[in-house]
>>> print(open('work36.cif').read())   # mmCIF, C-alpha atoms
data_coords
#
loop_
_atom_site.group_PDB
_atom_site.id
_atom_site.type_symbol
_atom_site.label_atom_id
_atom_site.label_comp_id
_atom_site.auth_asym_id
_atom_site.auth_seq_id
_atom_site.Cartn_x
_atom_site.Cartn_y
_atom_site.Cartn_z
ATOM 1 C CA MET A 966 -36.130 7.828 -7.143
ATOM 2 C CA LYS A 967 -33.590 6.484 -9.665
ATOM 3 C CA ILE A 968 -34.111 2.768 -10.270
ATOM 4 C CA LEU A 969 -31.910 0.504 -12.385
ATOM 5 C CA HIS A 970 -33.179 -2.868 -13.604
ATOM 6 C CA ILE A 971 -30.667 -5.507 -14.693
ATOM 7 C CA GLY A 972 -31.894 -8.647 -16.380
ATOM 8 C CA PRO A 973 -31.838 -10.887 -19.427
ATOM 9 C CA ILE A 974 -33.769 -8.634 -21.786
ATOM 10 C CA ASN A 975 -34.091 -10.502 -25.056
ATOM 11 C CA SER A 976 -35.612 -8.928 -28.158
ATOM 12 C CA LEU A 977 -35.247 -12.113 -30.204
ATOM 13 C CA ARG A 978 -37.094 -14.343 -27.752
ATOM 14 C CA PRO A 979 -39.274 -12.359 -25.356
ATOM 15 C CA THR A 980 -39.506 -14.191 -22.049
ATOM 16 C CA GLY A 981 -41.480 -13.677 -18.868
ATOM 17 C CA ILE A 982 -38.589 -11.772 -17.281
ATOM 18 C CA THR A 983 -38.339 -9.456 -20.308
ATOM 19 C CA ASN A 984 -42.034 -8.634 -20.103
ATOM 20 C CA ALA A 985 -41.918 -8.241 -16.309
ATOM 21 C CA ILE A 986 -38.998 -5.797 -16.468
ATOM 22 C CA LEU A 987 -40.563 -3.726 -19.255
ATOM 23 C CA ASN A 988 -44.003 -3.580 -17.589
ATOM 24 C CA LEU A 989 -42.571 -2.788 -14.139
ATOM 25 C CA SER A 990 -40.320 -0.090 -15.603
ATOM 26 C CA THR A 991 -43.233 1.490 -17.444
ATOM 27 C CA ALA A 992 -45.331 1.571 -14.268
ATOM 28 C CA LEU A 993 -42.473 3.160 -12.320
ATOM 29 C CA VAL A 994 -42.069 5.904 -14.944
ATOM 30 C CA VAL A 995 -45.799 6.612 -14.774
ATOM 31 C CA HIS A 996 -45.401 7.116 -11.008
ATOM 32 C CA GLY A 997 -42.618 9.661 -11.508
ATOM 33 C CA HIS A 998 -39.467 7.577 -11.030
ATOM 34 C CA ARG A 999 -36.410 7.710 -13.270
ATOM 35 C CA VAL A 1000 -35.763 4.232 -14.656
ATOM 36 C CA ALA A 1001 -32.964 2.575 -16.618
ATOM 37 C CA ILE A 1002 -32.538 -0.950 -17.952
ATOM 38 C CA LEU A 1003 -29.204 -2.761 -18.360
ATOM 39 C CA PRO A 1004 -29.480 -6.022 -20.342
ATOM 40 C CA SER A 1005 -27.325 -8.722 -18.728
ATOM 41 C CA VAL A 1006 -26.901 -10.989 -21.740
ATOM 42 C CA PRO A 1007 -25.312 -10.137 -25.100
ATOM 43 C CA VAL A 1008 -28.345 -9.981 -27.352
ATOM 44 C CA ARG A 1009 -29.543 -7.229 -29.605
ATOM 45 C CA VAL A 1010 -31.944 -4.916 -27.806
ATOM 46 C CA THR A 1011 -33.422 -2.187 -29.936
ATOM 47 C CA LYS A 1012 -34.570 1.175 -28.629
ATOM 48 C CA ASP A 1013 -38.020 0.649 -30.140
ATOM 49 C CA MET A 1014 -38.704 -2.244 -27.733
ATOM 50 C CA ILE A 1015 -37.995 0.002 -24.722
ATOM 51 C CA PRO A 1016 -41.009 2.085 -23.613
ATOM 52 C CA PRO A 1017 -40.690 5.891 -23.630
ATOM 53 C CA GLY A 1018 -39.079 7.530 -20.623
ATOM 54 C CA ILE A 1019 -36.762 4.592 -19.868
ATOM 55 C CA VAL A 1020 -33.002 4.817 -20.360
ATOM 56 C CA LEU A 1021 -31.425 1.848 -22.140
ATOM 57 C CA ILE A 1022 -27.841 1.209 -21.039
ATOM 58 C CA SER A 1023 -25.799 -0.833 -23.472
ATOM 59 C CA GLY A 1024 -25.129 -4.259 -21.937
ATOM 60 C CA PRO A 1025 -22.383 -6.778 -22.611
ATOM 61 C CA GLN A 1026 -21.641 -7.211 -26.312
ATOM 62 C CA LYS A 1027 -20.245 -10.730 -25.972
ATOM 63 C CA TYR A 1028 -19.816 -13.421 -23.375
ATOM 64 C CA HIS A 1029 -16.618 -12.864 -21.388
ATOM 65 C CA TRP A 1030 -13.941 -15.529 -21.132
ATOM 66 C CA ASN A 1031 -14.512 -15.464 -17.369
ATOM 67 C CA PRO A 1032 -18.024 -14.095 -16.865
ATOM 68 C CA TRP A 1033 -17.752 -14.219 -13.065
ATOM 69 C CA VAL A 1034 -15.210 -11.397 -13.143
ATOM 70 C CA ILE A 1035 -16.047 -8.137 -14.887
ATOM 71 C CA SER A 1036 -14.388 -4.746 -15.099
ATOM 72 C CA ASN A 1037 -14.997 -1.943 -12.600
ATOM 73 C CA LYS A 1038 -15.710 0.174 -15.687
ATOM 74 C CA TRP A 1039 -19.308 -1.090 -15.597
ATOM 75 C CA LEU A 1040 -19.873 1.294 -12.681
ATOM 76 C CA ASP A 1041 -18.673 4.163 -14.887
ATOM 77 C CA VAL A 1042 -20.918 3.012 -17.746
ATOM 78 C CA ILE A 1043 -23.916 3.128 -15.417
ATOM 79 C CA LYS A 1044 -22.943 6.508 -13.905
ATOM 80 C CA ASP A 1045 -22.276 8.068 -17.333
ATOM 81 C CA SER A 1046 -25.518 6.789 -18.847
ATOM 82 C CA PHE A 1047 -27.886 7.211 -15.907
ATOM 83 C CA GLY A 1048 -26.099 8.488 -12.819
ATOM 84 C CA LYS A 1049 -25.795 6.593 -9.539
ATOM 85 C CA PRO A 1050 -29.033 4.673 -8.938
ATOM 86 C CA ASP A 1051 -30.870 4.873 -5.628
ATOM 87 C CA ILE A 1052 -31.736 1.165 -5.902
ATOM 88 C CA ILE A 1053 -30.857 -1.621 -8.316
ATOM 89 C CA ASN A 1054 -33.179 -4.538 -9.054
ATOM 90 C CA ILE A 1055 -31.393 -7.605 -10.418
ATOM 91 C CA HIS A 1056 -33.904 -9.896 -12.107
ATOM 92 C CA GLY A 1057 -33.229 -13.606 -11.943
ATOM 93 C CA LEU A 1058 -30.362 -15.736 -10.739
ATOM 94 C CA TYR A 1059 -27.788 -17.978 -12.410
ATOM 95 C CA ILE A 1060 -26.545 -15.373 -14.889
ATOM 96 C CA PRO A 1061 -22.803 -14.878 -14.299
ATOM 97 C CA PHE A 1062 -22.779 -11.206 -15.381
ATOM 98 C CA GLN A 1063 -25.434 -10.396 -12.780
ATOM 99 C CA THR A 1064 -23.473 -12.115 -10.008
ATOM 100 C CA ALA A 1065 -20.266 -10.333 -11.003
ATOM 101 C CA ILE A 1066 -21.890 -6.898 -11.177
ATOM 102 C CA ALA A 1067 -23.616 -7.480 -7.824
ATOM 103 C CA ARG A 1068 -20.140 -7.965 -6.338
ATOM 104 C CA LEU A 1069 -19.139 -4.572 -7.737
ATOM 105 C CA PHE A 1070 -22.263 -3.008 -6.234
ATOM 106 C CA SER A 1071 -21.471 -4.551 -2.849
ATOM 107 C CA ARG A 1072 -17.932 -3.149 -2.878
ATOM 108 C CA GLU A 1073 -19.223 0.318 -3.740
ATOM 109 C CA ARG A 1074 -22.118 0.041 -1.255
ATOM 110 C CA TRP A 1075 -24.743 0.539 -3.960
ATOM 111 C CA PRO A 1076 -28.037 -0.922 -2.684
ATOM 112 C CA TYR A 1077 -29.555 -3.721 -4.728
ATOM 113 C CA ILE A 1078 -32.195 -6.394 -4.462
ATOM 114 C CA VAL A 1079 -32.578 -9.663 -6.339
ATOM 115 C CA SER A 1080 -35.942 -10.713 -7.764
ATOM 116 C CA PRO A 1081 -35.559 -14.441 -8.414
ATOM 117 C CA HIS A 1082 -38.673 -14.850 -10.615
ATOM 118 C CA GLY A 1083 -38.735 -18.608 -11.408
ATOM 119 C CA SER A 1084 -35.204 -19.299 -10.145
ATOM 120 C CA PHE A 1085 -36.450 -20.872 -6.934
ATOM 121 C CA ALA A 1086 -38.579 -23.462 -8.748
ATOM 122 C CA GLN A 1087 -37.880 -27.061 -7.804
ATOM 123 C CA ASN A 1088 -36.202 -27.911 -11.114
ATOM 124 C CA ALA A 1089 -33.885 -24.882 -10.840
#
>>> encode(input="work36.cif", output="structure tokens")
Amino acid sequence: MKILHIGPINSLRPTGITNAILNLSTALVVHGHRVAILPSVPVRVTKDMIPPGIVLISGPQKYHWNPWVISNKWLDVIKDSFGKPDIINIHGLYIPFQTAIARLFSRERWPYIVSPHGSFAQNA
């Protein structure tokens, strides 16, 4: 199975979501799945922080002037780097890039799920 994870991977400030995505991706590779990670925030992610066997897709390089609307070219970036995923796991809520790309996935009928992590906490 080809699985794409999208989330706020941050090499400068590792967070719980970063660790969860990396550990889950590693476990999926061990079980024979093809896995890719697409960072959803414009931070520097180095290849050495990505475990072996996982494809790193280059994420946004800067914040867009209207982050709720993104180009359809993101679908081509994913297809060219990894192929069409069987399932997409979007980690977290409240990140405009993730909402915008989910809209693209819906239009193309690409299946995705959202893992809210701490986004459903009372203070969120």
>>> closest_residue(input="work36.cif", among="A:Leu987, A:Val1008, A:Val995, A:Ile1078", to="Ile1052 of chain A", atoms="only C-alpha atoms")
A:Ile1078
>>> closest_residue(input="work36.cif", among="A:Pro1032, A:Ala985, A:His996, A:Leu969", to="Val1020 of chain A", atoms="only C-alpha atoms")
A:Leu969
>>> axis_aligned_box(input="work36.cif", around="segment 1010-1013 of chain A", padding_each_side="3 Å", output="JSON")
{"center_x": -35.0, "center_y": -1.9, "center_z": -29.0, "size_x": 12.1, "size_y": 12.1, "size_z": 8.3}
>>> closest_residue(input="work36.cif", among="A:Thr991, A:Asn1054, A:Thr1064, A:Thr1011", to="Ser1023 of chain A", atoms="all atoms listed in the file")
A:Thr1011
>>> residues_around(input="work36.cif", residues="Trp1075 of chain A", least_positions_apart="3", cutoff="9 Å", atoms="all atoms listed in the file", output="ChimeraX atom specification")
/A:1049-1053,1067,1069-1072
>>> resolve_selection(input="work36.cif", expression="the PyMOL selection byres ((chain A and resi 966) around 7)", output="list in words")
Lys967, Ile968, His998, Arg999 and Asp1051 of chain A
>>> atom_distance(input="work36.cif", atom1="atom CA of Pro1016 of chain A", atom2="atom CA of Pro1004 of chain A")
14.5 Å
>>> resolve_selection(input="work36.cif", expression="the PyMOL selection byres ((chain A and resi 1082) around 12)", output="ChimeraX atom specification")
/A:972-973,980-986,1054-1059,1079-1081,1083-1086,1089
>>> atom_distance(input="work36.cif", atom1="atom CA of Gly1024 of chain A", atom2="atom CA of Pro1007 of chain A")
6.7 Å
>>> decode(input="work36.cif", residues="segment 974-1089 of chain A", atoms="C-alpha atoms", output="PDB file, in the first residue's frame")
ATOM      1  CA  ILE A 974       7.217  18.275  10.243  1.00  0.00           C
ATOM      2  CA  ASN A 975       9.642  20.634  11.927  1.00  0.00           C
ATOM      3  CA  SER A 976      13.363  19.913  12.148  1.00  0.00           C
ATOM      4  CA  LEU A 977      14.065  23.067  14.153  1.00  0.00           C
ATOM      5  CA  ARG A 978      11.531  22.344  16.882  1.00  0.00           C
ATOM      6  CA  PRO A 979      10.545  18.677  17.002  1.00  0.00           C
ATOM      7  CA  THR A 980       6.976  18.369  18.230  1.00  0.00           C
ATOM      8  CA  GLY A 981       4.731  15.472  19.151  1.00  0.00           C
ATOM      9  CA  ILE A 982       3.228  15.413  15.653  1.00  0.00           C
ATOM     10  CA  THR A 983       6.702  15.301  14.068  1.00  0.00           C
ATOM     11  CA  ASN A 984       7.686  12.331  16.208  1.00  0.00           C
ATOM     12  CA  ALA A 985       4.336  10.590  15.646  1.00  0.00           C
ATOM     13  CA  ILE A 986       4.597  10.913  11.857  1.00  0.00           C
ATOM     14  CA  LEU A 987       8.208   9.710  11.756  1.00  0.00           C
ATOM     15  CA  ASN A 988       7.574   6.743  14.085  1.00  0.00           C
ATOM     16  CA  LEU A 989       4.354   5.718  12.307  1.00  0.00           C
ATOM     17  CA  SER A 990       6.049   5.987   8.910  1.00  0.00           C
ATOM     18  CA  THR A 991       8.962   3.858  10.077  1.00  0.00           C
ATOM     19  CA  ALA A 992       6.606   1.167  11.383  1.00  0.00           C
ATOM     20  CA  LEU A 993       4.676   1.146   8.102  1.00  0.00           C
ATOM     21  CA  VAL A 994       7.889   0.686   6.092  1.00  0.00           C
ATOM     22  CA  VAL A 995       8.876  -2.218   8.337  1.00  0.00           C
ATOM     23  CA  HIS A 996       5.522  -3.841   7.495  1.00  0.00           C
ATOM     24  CA  GLY A 997       6.159  -3.530   3.757  1.00  0.00           C
ATOM     25  CA  HIS A 998       4.260  -0.361   2.833  1.00  0.00           C
ATOM     26  CA  ARG A 999       5.604   2.415   0.626  1.00  0.00           C
ATOM     27  CA  VAL A1000       5.539   5.669   2.586  1.00  0.00           C
ATOM     28  CA  ALA A1001       6.089   9.337   1.767  1.00  0.00           C
ATOM     29  CA  ILE A1002       6.015  12.460   3.918  1.00  0.00           C
ATOM     30  CA  LEU A1003       4.970  15.931   2.725  1.00  0.00           C
ATOM     31  CA  PRO A1004       5.744  18.701   5.248  1.00  0.00           C
ATOM     32  CA  SER A1005       2.845  21.173   5.408  1.00  0.00           C
ATOM     33  CA  VAL A1006       4.721  24.162   6.802  1.00  0.00           C
ATOM     34  CA  PRO A1007       7.680  25.995   5.246  1.00  0.00           C
ATOM     35  CA  VAL A1008      10.517  24.890   7.489  1.00  0.00           C
ATOM     36  CA  ARG A1009      13.783  23.254   6.626  1.00  0.00           C
ATOM     37  CA  VAL A1010      13.505  19.477   6.719  1.00  0.00           C
ATOM     38  CA  THR A1011      16.719  17.629   6.071  1.00  0.00           C
ATOM     39  CA  LYS A1012      16.938  14.164   4.561  1.00  0.00           C
ATOM     40  CA  ASP A1013      18.971  12.935   7.531  1.00  0.00           C
ATOM     41  CA  MET A1014      15.973  13.403   9.860  1.00  0.00           C
ATOM     42  CA  ILE A1015      13.817  11.150   7.649  1.00  0.00           C
ATOM     43  CA  PRO A1016      14.238   7.417   8.386  1.00  0.00           C
ATOM     44  CA  PRO A1017      15.456   5.138   5.573  1.00  0.00           C
ATOM     45  CA  GLY A1018      12.881   3.856   3.114  1.00  0.00           C
ATOM     46  CA  ILE A1019      10.645   6.939   3.365  1.00  0.00           C
ATOM     47  CA  VAL A1020      10.259   9.384   0.483  1.00  0.00           C
ATOM     48  CA  LEU A1021      10.498  13.058   1.438  1.00  0.00           C
ATOM     49  CA  ILE A1022       8.413  15.302  -0.817  1.00  0.00           C
ATOM     50  CA  SER A1023       9.447  18.934  -0.794  1.00  0.00           C
ATOM     51  CA  GLY A1024       6.735  20.969   0.952  1.00  0.00           C
ATOM     52  CA  PRO A1025       5.836  24.638   0.684  1.00  0.00           C
ATOM     53  CA  GLN A1026       8.879  26.913   0.639  1.00  0.00           C
ATOM     54  CA  LYS A1027       7.049  29.961   1.982  1.00  0.00           C
ATOM     55  CA  TYR A1028       3.676  30.926   3.347  1.00  0.00           C
ATOM     56  CA  HIS A1029       1.280  31.779   0.514  1.00  0.00           C
ATOM     57  CA  TRP A1030      -0.496  35.117   0.344  1.00  0.00           C
ATOM     58  CA  ASN A1031      -3.761  33.167   0.510  1.00  0.00           C
ATOM     59  CA  PRO A1032      -2.910  29.832   2.128  1.00  0.00           C
ATOM     60  CA  TRP A1033      -6.475  28.525   1.802  1.00  0.00           C
ATOM     61  CA  VAL A1034      -6.070  28.328  -1.971  1.00  0.00           C
ATOM     62  CA  ILE A1035      -3.184  26.381  -3.470  1.00  0.00           C
ATOM     63  CA  SER A1036      -2.252  25.307  -6.973  1.00  0.00           C
ATOM     64  CA  ASN A1037      -3.435  22.060  -8.565  1.00  0.00           C
ATOM     65  CA  LYS A1038       0.258  21.491  -9.306  1.00  0.00           C
ATOM     66  CA  TRP A1039       0.622  19.993  -5.816  1.00  0.00           C
ATOM     67  CA  LEU A1040      -1.093  16.879  -7.180  1.00  0.00           C
ATOM     68  CA  ASP A1041       1.590  16.672  -9.882  1.00  0.00           C
ATOM     69  CA  VAL A1042       4.348  17.171  -7.298  1.00  0.00           C
ATOM     70  CA  ILE A1043       2.993  14.234  -5.308  1.00  0.00           C
ATOM     71  CA  LYS A1044       2.518  12.021  -8.397  1.00  0.00           C
ATOM     72  CA  ASP A1045       6.001  12.833  -9.752  1.00  0.00           C
ATOM     73  CA  SER A1046       7.734  12.231  -6.424  1.00  0.00           C
ATOM     74  CA  PHE A1047       5.773   9.243  -5.138  1.00  0.00           C
ATOM     75  CA  GLY A1048       2.959   8.275  -7.484  1.00  0.00           C
ATOM     76  CA  LYS A1049      -0.736   8.360  -6.606  1.00  0.00           C
ATOM     77  CA  PRO A1050      -1.146   7.310  -2.963  1.00  0.00           C
ATOM     78  CA  ASP A1051      -3.646   4.652  -1.937  1.00  0.00           C
ATOM     79  CA  ILE A1052      -4.434   6.639   1.227  1.00  0.00           C
ATOM     80  CA  ILE A1053      -3.388  10.010   2.605  1.00  0.00           C
ATOM     81  CA  ASN A1054      -3.135  10.744   6.325  1.00  0.00           C
ATOM     82  CA  ILE A1055      -3.358  14.444   7.171  1.00  0.00           C
ATOM     83  CA  HIS A1056      -1.983  15.040  10.659  1.00  0.00           C
ATOM     84  CA  GLY A1057      -3.544  17.827  12.670  1.00  0.00           C
ATOM     85  CA  LEU A1058      -6.051  20.547  11.945  1.00  0.00           C
ATOM     86  CA  TYR A1059      -5.907  24.334  11.670  1.00  0.00           C
ATOM     87  CA  ILE A1060      -3.075  24.440   9.131  1.00  0.00           C
ATOM     88  CA  PRO A1061      -4.351  26.252   6.020  1.00  0.00           C
ATOM     89  CA  PHE A1062      -2.138  24.312   3.573  1.00  0.00           C
ATOM     90  CA  GLN A1063      -3.589  21.026   4.826  1.00  0.00           C
ATOM     91  CA  THR A1064      -7.165  22.258   4.400  1.00  0.00           C
ATOM     92  CA  ALA A1065      -6.437  23.540   0.896  1.00  0.00           C
ATOM     93  CA  ILE A1066      -4.730  20.334  -0.232  1.00  0.00           C
ATOM     94  CA  ALA A1067      -7.559  18.241   1.240  1.00  0.00           C
ATOM     95  CA  ARG A1068      -9.916  20.157  -1.061  1.00  0.00           C
ATOM     96  CA  LEU A1069      -7.743  19.149  -4.018  1.00  0.00           C
ATOM     97  CA  PHE A1070      -7.829  15.524  -2.871  1.00  0.00           C
ATOM     98  CA  SER A1071     -11.620  15.646  -2.594  1.00  0.00           C
ATOM     99  CA  ARG A1072     -11.979  16.991  -6.137  1.00  0.00           C
ATOM    100  CA  GLU A1073      -9.716  14.258  -7.492  1.00  0.00           C
ATOM    101  CA  ARG A1074     -11.370  11.578  -5.321  1.00  0.00           C
ATOM    102  CA  TRP A1075      -8.105  10.695  -3.583  1.00  0.00           C
ATOM    103  CA  PRO A1076      -8.961   9.032  -0.249  1.00  0.00           C
ATOM    104  CA  TYR A1077      -7.675  10.737   2.875  1.00  0.00           C
ATOM    105  CA  ILE A1078      -8.177  10.698   6.607  1.00  0.00           C
ATOM    106  CA  VAL A1079      -7.475  13.361   9.208  1.00  0.00           C
ATOM    107  CA  SER A1080      -5.718  12.495  12.465  1.00  0.00           C
ATOM    108  CA  PRO A1081      -6.473  15.443  14.748  1.00  0.00           C
ATOM    109  CA  HIS A1082      -3.854  14.635  17.430  1.00  0.00           C
ATOM    110  CA  GLY A1083      -4.381  17.377  20.067  1.00  0.00           C
ATOM    111  CA  SER A1084      -6.618  19.555  17.877  1.00  0.00           C
ATOM    112  CA  PHE A1085      -9.768  18.472  19.678  1.00  0.00           C
ATOM    113  CA  ALA A1086      -8.472  19.557  23.095  1.00  0.00           C
ATOM    114  CA  GLN A1087     -10.712  21.966  24.969  1.00  0.00           C
ATOM    115  CA  ASN A1088      -8.391  24.948  24.499  1.00  0.00           C
ATOM    116  CA  ALA A1089      -8.183  24.328  20.733  1.00  0.00           C
TER     117      ALA A1089
END
